[in-house]
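First comes the structure, then the notes that go with it.
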Amino acid sequence: MNGPASMIVNGKPVTTGGATRLSAYLRDELGLRGTKVGCDAGDCGACTVMIDGETACSCLVAAGQAAGCSVTTVEGLRANGHLSTLQESFLKHGAAQCGICTPGMLVSARALLDRNPRPSRDEVQDALGGVLCRCTGYAKIIDAVMDAANAAPAVVNLPGRVGDRIRHVDGPPKVTGETVYGADSMPEDAVLVRVVRSPHHHARFSIGDKQAFLARHPGLLAVFDASDVPGRNCHGVIAPFADQPVFAEGVARFKGEAVAAVAGERKAVLALDMGEFPIDWTVLEHALLPDEALAPGAARLHEKREGNVLVRGLVKRGDADAGIANSDHQVSGRFTTPFIEHAYIEPEAGYARPAGNGIEIVGCTQTAYMNRDELASITGLDADAVRVIPSACGGGFGSKLDLSWQPYVTIAALALNRPAAIVYSRTESMQSTTKRHPSCIDATVACDSSGRITGMVFDATFNTGAYASWGPTVANRVPVHASGPYFIENYRADSSAVHTHCAPSGAFRGFGVPQSAVAQECLFDELADKAGIDRLQFRLLNALDNGQPTVTGQAFDSGVGIRQCLQALEPHWLEARRSAAEFNDKARASGSPLRRGAGIGTCWYGCGNTSLPNPSTIRIGVRADGSVVLHQGAIDIGQGSSTVIAQIVAQVLGMEISDIQFVGADTALTPDGGKTSASRQTFVSGKAAKKSAEALRAEVLRHANVSGDARISFEAGRIAVTDAVTVSHVELAGLEANEHGYVFMAQETYDPPVKPLDKDGQGHPYALYGYGAQLAELTVDTGLGTVKLDRITAAHDVGKAINPMLVEGQIEGGIAQGIGLALMEEFLPGRTENLHDYLIPTFGDVPPIESIIIEVPDAEGPFGAKGLGEHVLIPTAPAILNAIRDATGARVRELPATPHKVLAAIREAESNG
Ligand code: FES
């Protein structure tokens with residue numbers, strides 16, 4: 001049906017123009033932007049709506065097809081103007097992290113509960129199975145739906161201090177669809193920008209007659225290429241390595257690289273056939289693998305990078321070769337991992353608009369100030385003239401640290417003196433943005449007859465793609481971490497990042513450490529077996545303790561928590577081994593091909609930058625009316641930093657979190673909270689928040705001339721100060737406000753104490769580490785090679801759980817990503833550029849997860865807290881690989897462990913006897 005049609009949307013009659021996608025109609029014509037578009041292909045389910053009570057991906061339905069139907073979107077889920085029980089339950093359980101999938105989840109859950117008010121967990125899982133979530137690991141979503149079905153009472157209100165299990169402070173608009181993401185607030189008069197990208201991995205190109213092209217396409221206003229970049233046609237997250245052009249200049253180095261952009265009226269740009277763009281390509285030889293790029297005679301991607309090596313990393317301590325030579329047992333192995341796509345459900349989107357003599361950029365990002373400084377360089381403007389206002393971020397996991405969409409709209413808005421907007425397609429997002437580094441790792445580990453490790457050598461080659469991005473960080477971080485959280489006196493770890501004609505590899509939750517842990521943890525299992533020692537006891541025997549030097553020679557007086565994590569797993573491990581043995585005995589007796597196994601993986605992870613400055617600054621002000629305002633620029637991409645930082649402030653100031661007013665990240669309004677990466681926000685920004693709150697409190701007490709032990713409470717127009725004997729009041733009306741409008745204000749910075757690494761990688765790279773250990777239990781079908789995860793138990797040392805619910809959410813979400821790394825995910829440039837060819841875990845792929853929170857306080861962290869975000873996926877893949885080996889005797893060394901690789905490994909193990 002192509003003509004106008006009538007339908008009911010959220011109870012109101014509307015008329016639509018037929019052929020438009022229902023998702024676009026709802027968003028663009030009705031302004032119902034709670035319906036999110038993640039793929040426009042029916043793969044992610046973010047745009048799920050109800051049509052006459054049945055769920056459907058609204059991107060696959062023409063608006064006219066819903067003629068005569070009743071359509072319900074997330075905006076229609078409130079009950080009598082209030083949050084419904086279901087929405088409340090999502091908040092209570094922390095089921096919405098970044099929130100971009102939440103509308104689709106809620107609508108699907110509503111449809112289920114309408115037809116089946118008391119569903120089982122399996123029925124919830126099935127009903128919501130068409131909606132992907134990259135953040136939560138799904139467990140809390142199922143819990144929320146089950147709880148709503150059982151009409152469980154609302155959560156008890158807690159003050160929101162440190163340790164309280166409170167809901168996300170930014171949660172309510174996520175369950176109503178009101179949270180504004182990158183694509184949700186485009187100015188009406190914005191031109192639309194589309195990027196022209198290379199269809200080749202490596203090609204020379206020349207752009208034809210731009211004016212003639214524009215003349216042939218009414219409504220198009222401009223074409224931009226490298227010659228139109230007003231400042232430096234180059235960006236990069238690590239300044240000394242910056243090498244990525246905004247627009248390639250004559251040669252494209254990866255498939256999907258930007259070579260030009262068109263801007264114009266929205267309809268004209270949407271109607272444009274990009275194949276008409278005047279450009280000639282000459283395809284050149286490409287190298288997609290490091291071996292090809294390192295081969296003698298391979299063309300250099302960058303003139304000054306000899307042999308296509310971007311950077312090398314090294315950590316060396318003792319004599320690793322002698323430690324291995326003098327050992328009783330040795331194991332060696334090569335392990336490989338592929339490109340992994342971040343697959344956040346929100347594709348990159350945002351807009352820029354001229355503002356005075358400068359520019360404002362609004363959209364999704366993980367780092368406002370870094371974006372600002374890079375965009376200032378690209379535009380040639382002063383940093384002060386560039387204002388970055390992050391929207392909500394529908395998942396990032398590292399990739400949204402790098403510039404992507406921002407330069408194109410910025411250049412267009414400045415050139416046309418109009419707002420300019422962009423929304424990446426799913427394919428464009430997957431083709432052009434950063435990935436997890438593929439790795440090829442060779443390692444040897446040795447121990448003495450008692451099982452003590454005597455030496456380890458490790459050599460990793462990472463495919464860093466066409467441009468530097470975070471390649472230097474990965475190459476430097478990995479050698480520091482490749483030992484795992486163990487005491488190893490003789491150690492040498494080398495790494496190199498090699499350029500290829502692939503999309504840049506960058507930051508992805510763990511910065512290379514998940515890859516290195518696969519090799520280290522798998523070899524530890526094999527070495528324990530050789531030494532005849534239980535695999536968990538082997539780890540306990542070698543676990544790092546307080547006072548022992550790490551492989552960089554750094555010793556911590558307190559806070560090393562790996563032993564406690566392993567001890568917490570011990571009873572679970574023993575029971576898992578016992579029940580697996582029992583199961584396998586029965587399976588053998590009955591001729592069943594199923595085999596059960598259990599495996600352990602561990603992690604440690606240094607929070608913050610490696611040996612580099614890493615500051616965060618937080619401002620807190622008190623207005624004359626007594627209100628407390630927290631300016632925190634640490635971008636919350638769903639992990640909950642806004643909540644955690646506010647809990648820290650509430651704790652220090654002795655107030656309820658609900659009484660704090662928030663000013664979120666904005667380079668004009670918040671000081672620099674640093675980037676959201678490297679598990680640094682709870683630790684670094686949290687510490688800055690604690691310092692700020694303490695300074696504010698001290699200032700008030702000084703003004704009141706009372707002792708430091710007094711309690712303060714903020715009241716209308718005054719602050720009550722209570723010490724041991726008296727209550728006094730600081731009246732605020734008479735105080736002079738500063739330039740920010742505050743009568744009291746504190747702004748403090750925290751920068752973790754680190755020391756540079758020397759030429760052997762010795763030094764103090766991080767102020768603290770977090771630790772973890774996970775146990776995977778699974779069943780392998782030895783006839784098919786399929787792996788069914790039965791259960792994962794995860795013990796993570798967070799120092800202090802500022803909010804235990806958010807800790808669990810991070811653990812569950814990280815494990816889901818670790819499952820993807822272990823069993824299914826593989827990005828192949830040019831081949832898996834959408835979410836039906838690139839598979840990420842769905843509801844059915846994530847088993848029950850038990851989180852065990854360990855609190856070994858760190859002297860440096862706020863209230864003892866350590867970071868957690870990256871840590872949680874590191875142990876998962878090795879734990880799964882070790883469990884597969886435990887079940888079958890087969891070692892899979894090449895990820896992902898898809899059924900055909902598992903089967904091949906089983907056959908190999910059988911043939912080796
Ligand atoms: Fe589900 Fe982020 S909360 S994708």
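Within each chain, counting starts at residue 1; across the structure tokens, chains are named A, B, ... in the order shown, with ligands numbered 1 upward in that order.
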
Residues within 6 Å of segment 785-792 of chain A, please, as a compact mmCIF listing (two decimals) with N, CA, C and O atoms, in the first residue's frame. Count only C-alpha atoms; anything in the same chain fewer than 4 positions from it doesn't count.
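Written file, part-v7.txt:
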# COMPACT_ATOMS: atom_id res chain seq x y z
N LEU A 775 34.83 -19.04 36.42
CA LEU A 775 34.70 -20.48 36.22
C LEU A 775 33.59 -20.71 35.19
O LEU A 775 32.45 -20.28 35.42
N ALA A 776 33.94 -21.35 34.08
CA ALA A 776 32.93 -21.68 33.06
C ALA A 776 32.63 -23.17 33.15
O ALA A 776 33.54 -23.99 33.25
N GLU A 777 31.36 -23.48 33.12
CA GLU A 777 30.93 -24.88 33.05
C GLU A 777 30.12 -25.04 31.77
O GLU A 777 29.25 -24.21 31.47
N LEU A 778 30.39 -26.09 31.02
CA LEU A 778 29.75 -26.23 29.71
C LEU A 778 29.66 -27.69 29.31
O LEU A 778 30.26 -28.57 29.92
N THR A 779 28.87 -27.89 28.26
CA THR A 779 28.70 -29.24 27.71
C THR A 779 29.02 -29.18 26.22
O THR A 779 28.52 -28.31 25.51
N VAL A 780 29.86 -30.11 25.78
CA VAL A 780 30.25 -30.18 24.37
C VAL A 780 29.59 -31.40 23.74
O VAL A 780 29.63 -32.49 24.33
N ASP A 781 29.00 -31.21 22.58
CA ASP A 781 28.53 -32.36 21.80
C ASP A 781 29.71 -32.79 20.93
O ASP A 781 30.07 -32.11 19.96
N PRO A 847 24.55 -18.06 29.62
CA PRO A 847 24.02 -18.96 30.65
C PRO A 847 23.79 -18.19 31.95
O PRO A 847 24.15 -17.01 32.07
N PRO A 848 23.23 -18.85 32.94
CA PRO A 848 23.14 -18.21 34.26
C PRO A 848 24.54 -17.80 34.75
O PRO A 848 25.51 -18.54 34.58
N ILE A 849 24.60 -16.63 35.32
CA ILE A 849 25.88 -16.10 35.81
C ILE A 849 25.74 -15.80 37.30
O ILE A 849 24.79 -15.13 37.71
N PRO A 899 31.83 -24.53 15.95
CA PRO A 899 31.72 -25.99 16.01
C PRO A 899 32.74 -26.73 15.14
O PRO A 899 33.29 -27.74 15.57
N VAL A 902 36.03 -26.74 16.97
CA VAL A 902 35.98 -27.61 18.15
C VAL A 902 36.05 -29.07 17.70
O VAL A 902 36.82 -29.88 18.26
N LEU A 903 35.29 -29.37 16.66
CA LEU A 903 35.27 -30.75 16.16
C LEU A 903 36.66 -31.16 15.66
O LEU A 903 37.15 -32.26 15.96

Could you name the residues that touch segment 661-670 of chain A at 9 Å or less, counting only C-alpha atoms, but leaving out those on the same chain fewer than 2 positions away, as a PyMOL selection string? chain A and resi 367-369+372+384+386-391+617-619+627-636+642+646+657-659+672-673

Within 8 Å of ligand 1, counting only C-alpha atoms and all ligand atoms, residues as a ChimeraX atom specification: /A:95-102,132-136,344-346,394-395,638

Might you pull out every residue within 9 Å of Pro354 of chain A, with only C-alpha atoms counted and same-chain residues fewer than 5 positions away left off, and present them as a PyMOL selection string? chain A and resi 359-361+410+413-414+417-419

Store the residues of this selection in a file with N, CA and C atoms, as an mmCIF file, in the first residue's frame.
data_model
loop_
_atom_site.group_PDB
_atom_site.id
_atom_site.type_symbol
_atom_site.label_atom_id
_atom_site.label_comp_id
_atom_site.auth_asym_id
_atom_site.auth_seq_id
_atom_site.Cartn_x
_atom_site.Cartn_y
_atom_site.Cartn_z
ATOM 1 N N ILE A 359 31.776 26.666 16.792
ATOM 2 C CA ILE A 359 30.958 25.543 16.345
ATOM 3 C C ILE A 359 30.584 24.706 17.559
ATOM 4 N N GLU A 360 29.387 24.167 17.536
ATOM 5 C CA GLU A 360 28.958 23.235 18.580
ATOM 6 C C GLU A 360 28.692 21.884 17.941
ATOM 7 N N ILE A 361 29.163 20.838 18.589
ATOM 8 C CA ILE A 361 29.011 19.486 18.050
ATOM 9 C C ILE A 361 28.262 18.662 19.096
ATOM 10 N N THR A 410 31.091 18.863 11.110
ATOM 11 C CA THR A 410 31.735 20.120 11.524
ATOM 12 C C THR A 410 32.186 20.907 10.295
ATOM 13 N N ALA A 413 29.009 22.165 8.438
ATOM 14 C CA ALA A 413 28.300 23.256 9.119
ATOM 15 C C ALA A 413 29.065 24.561 8.999
ATOM 16 N N LEU A 414 30.387 24.487 9.102
ATOM 17 C CA LEU A 414 31.182 25.714 8.970
ATOM 18 C C LEU A 414 31.128 26.248 7.541
ATOM 19 N N ASN A 417 27.423 27.306 6.827
ATOM 20 C CA ASN A 417 26.843 28.162 7.862
ATOM 21 C C ASN A 417 25.423 27.709 8.224
ATOM 22 N N ARG A 418 25.264 26.405 8.307
ATOM 23 C CA ARG A 418 23.980 25.806 8.679
ATOM 24 C C ARG A 418 24.262 24.593 9.541
ATOM 25 N N PRO A 419 23.313 24.198 10.353
ATOM 26 C CA PRO A 419 23.507 22.923 11.050
ATOM 27 C C PRO A 419 23.661 21.793 10.040
#

Segment 466-647 of chain A: which residues are strand (DSSP E or B) by DSSP, as a ChimeraX atom specification? /A:486,491-499,505,543,549,555,594-606,616-622,628-631

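Take the candidates A:Ala443, A:Val162, A:Cys59, A:Ala271 and check each one against Leu653 of chain A using only C-alpha atoms; the shortest distance goes to A:Val162.
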
Apply DSSP to the backbone of this structure and, from segment 223-372 of chain A, keep only the residues in helix (DSSP H, G or I); write these as a PyMOL selection string. chain A and resi 226-228+239-241+266-271+274-276+290-294+306-308+320-325+368-372

Write a file of the selected residues as a compact mmCIF listing (two decimals), in the first residue's frame, keeping C-alpha atoms.
# COMPACT_ATOMS: atom_id res chain seq x y z
CA ALA A 226 40.69 16.67 1.53
CA SER A 227 41.12 20.07 -0.10
CA ASP A 228 38.21 21.42 1.95
CA ALA A 239 49.00 12.91 19.25
CA PRO A 240 52.52 11.70 18.38
CA PHE A 241 51.05 8.89 16.29
CA ARG A 266 17.73 15.89 3.51
CA LYS A 267 15.49 14.50 0.76
CA ALA A 268 18.07 15.10 -1.95
CA VAL A 269 20.82 13.40 0.06
CA LEU A 270 18.64 10.42 0.98
CA ALA A 271 17.63 9.99 -2.67
CA MET A 274 26.21 7.15 -4.21
CA GLY A 275 27.35 5.24 -7.28
CA GLU A 276 26.87 8.47 -9.24
CA PRO A 290 50.35 -8.88 9.33
CA ASP A 291 52.29 -11.67 7.62
CA GLU A 292 51.49 -10.08 4.27
CA ALA A 293 52.32 -6.57 5.46
CA LEU A 294 55.60 -7.74 7.04
CA GLU A 306 59.52 0.85 8.42
CA GLY A 307 58.29 -2.65 7.72
CA ASN A 308 54.73 -1.51 8.42
CA ALA A 320 63.20 -15.75 30.98
CA ASP A 321 65.23 -18.08 28.77
CA ALA A 322 67.26 -19.41 31.71
CA GLY A 323 64.09 -19.74 33.78
CA ILE A 324 62.59 -21.92 31.08
CA ALA A 325 65.79 -23.88 30.42
CA ALA A 368 34.28 15.32 25.00
CA TYR A 369 37.59 17.10 25.52
CA MET A 370 39.67 14.86 23.27
CA ASN A 371 37.08 15.35 20.54
CA ARG A 372 37.19 19.09 21.10

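With only C-alpha atoms as the atoms that count, the residue of A:Gly250, A:Gly809, A:Gly621, A:Gly772 with the shortest distance to Asp225 of chain A is A:Gly250.
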
I'd like the neighbourhood of Gly177 of chain A as a list in words, where a residue qualifies if any of its atoms comes within 7 Å (using only C-alpha atoms), though same-chain residues fewer than 3 positions away should be ignored.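 Listing them by chain and then by number gives Arg33, Gly34, Val74, Glu75, Pro103, Pro173 and Lys174 of chain A.
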
Store the residues of this selection in a file with N, CA, C and O atoms, as an mmCIF file, in the first residue's frame.
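The resulting file, again-v8.cif, is shown below:
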data_model
loop_
_atom_site.group_PDB
_atom_site.id
_atom_site.type_symbol
_atom_site.label_atom_id
_atom_site.label_comp_id
_atom_site.auth_asym_id
_atom_site.auth_seq_id
_atom_site.Cartn_x
_atom_site.Cartn_y
_atom_site.Cartn_z
ATOM 1 N N ARG A 33 10.654 9.421 19.109
ATOM 2 C CA ARG A 33 12.044 8.978 18.914
ATOM 3 C C ARG A 33 12.474 7.937 19.939
ATOM 4 O O ARG A 33 13.635 7.541 19.960
ATOM 5 N N GLY A 34 11.544 7.496 20.751
ATOM 6 C CA GLY A 34 11.855 6.360 21.620
ATOM 7 C C GLY A 34 12.080 5.101 20.815
ATOM 8 O O GLY A 34 12.754 4.180 21.291
ATOM 9 N N VAL A 74 7.319 2.619 22.751
ATOM 10 C CA VAL A 74 7.705 2.746 24.156
ATOM 11 C C VAL A 74 7.010 3.934 24.819
ATOM 12 O O VAL A 74 6.716 3.899 26.020
ATOM 13 N N GLU A 75 6.704 4.965 24.020
ATOM 14 C CA GLU A 75 6.036 6.128 24.609
ATOM 15 C C GLU A 75 4.623 5.794 25.077
ATOM 16 O O GLU A 75 4.021 6.536 25.856
ATOM 17 N N PRO A 103 13.893 0.417 24.704
ATOM 18 C CA PRO A 103 12.537 0.516 24.150
ATOM 19 C C PRO A 103 12.089 -0.784 23.472
ATOM 20 O O PRO A 103 10.955 -1.237 23.687
ATOM 21 N N PRO A 173 14.503 8.294 32.026
ATOM 22 C CA PRO A 173 14.201 8.590 30.613
ATOM 23 C C PRO A 173 14.560 7.447 29.667
ATOM 24 O O PRO A 173 14.061 7.410 28.544
ATOM 25 N N LYS A 174 15.414 6.527 30.129
ATOM 26 C CA LYS A 174 15.741 5.400 29.251
ATOM 27 C C LYS A 174 14.556 4.437 29.142
ATOM 28 O O LYS A 174 14.391 3.770 28.133
#

For Leu873 of chain A, the nearest of the candidates A:His82, A:Arg509, A:Arg891, A:Arg697, counting only C-alpha atoms: A:Arg509

Of the residues A:Val846, A:Ala385, A:Ala252, A:Ala190, which is the one nearest to Gln817 of chain A, using only C-alpha atoms?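 Looking at the shortest contact to Gln817 of chain A, the residue is A:Val846.
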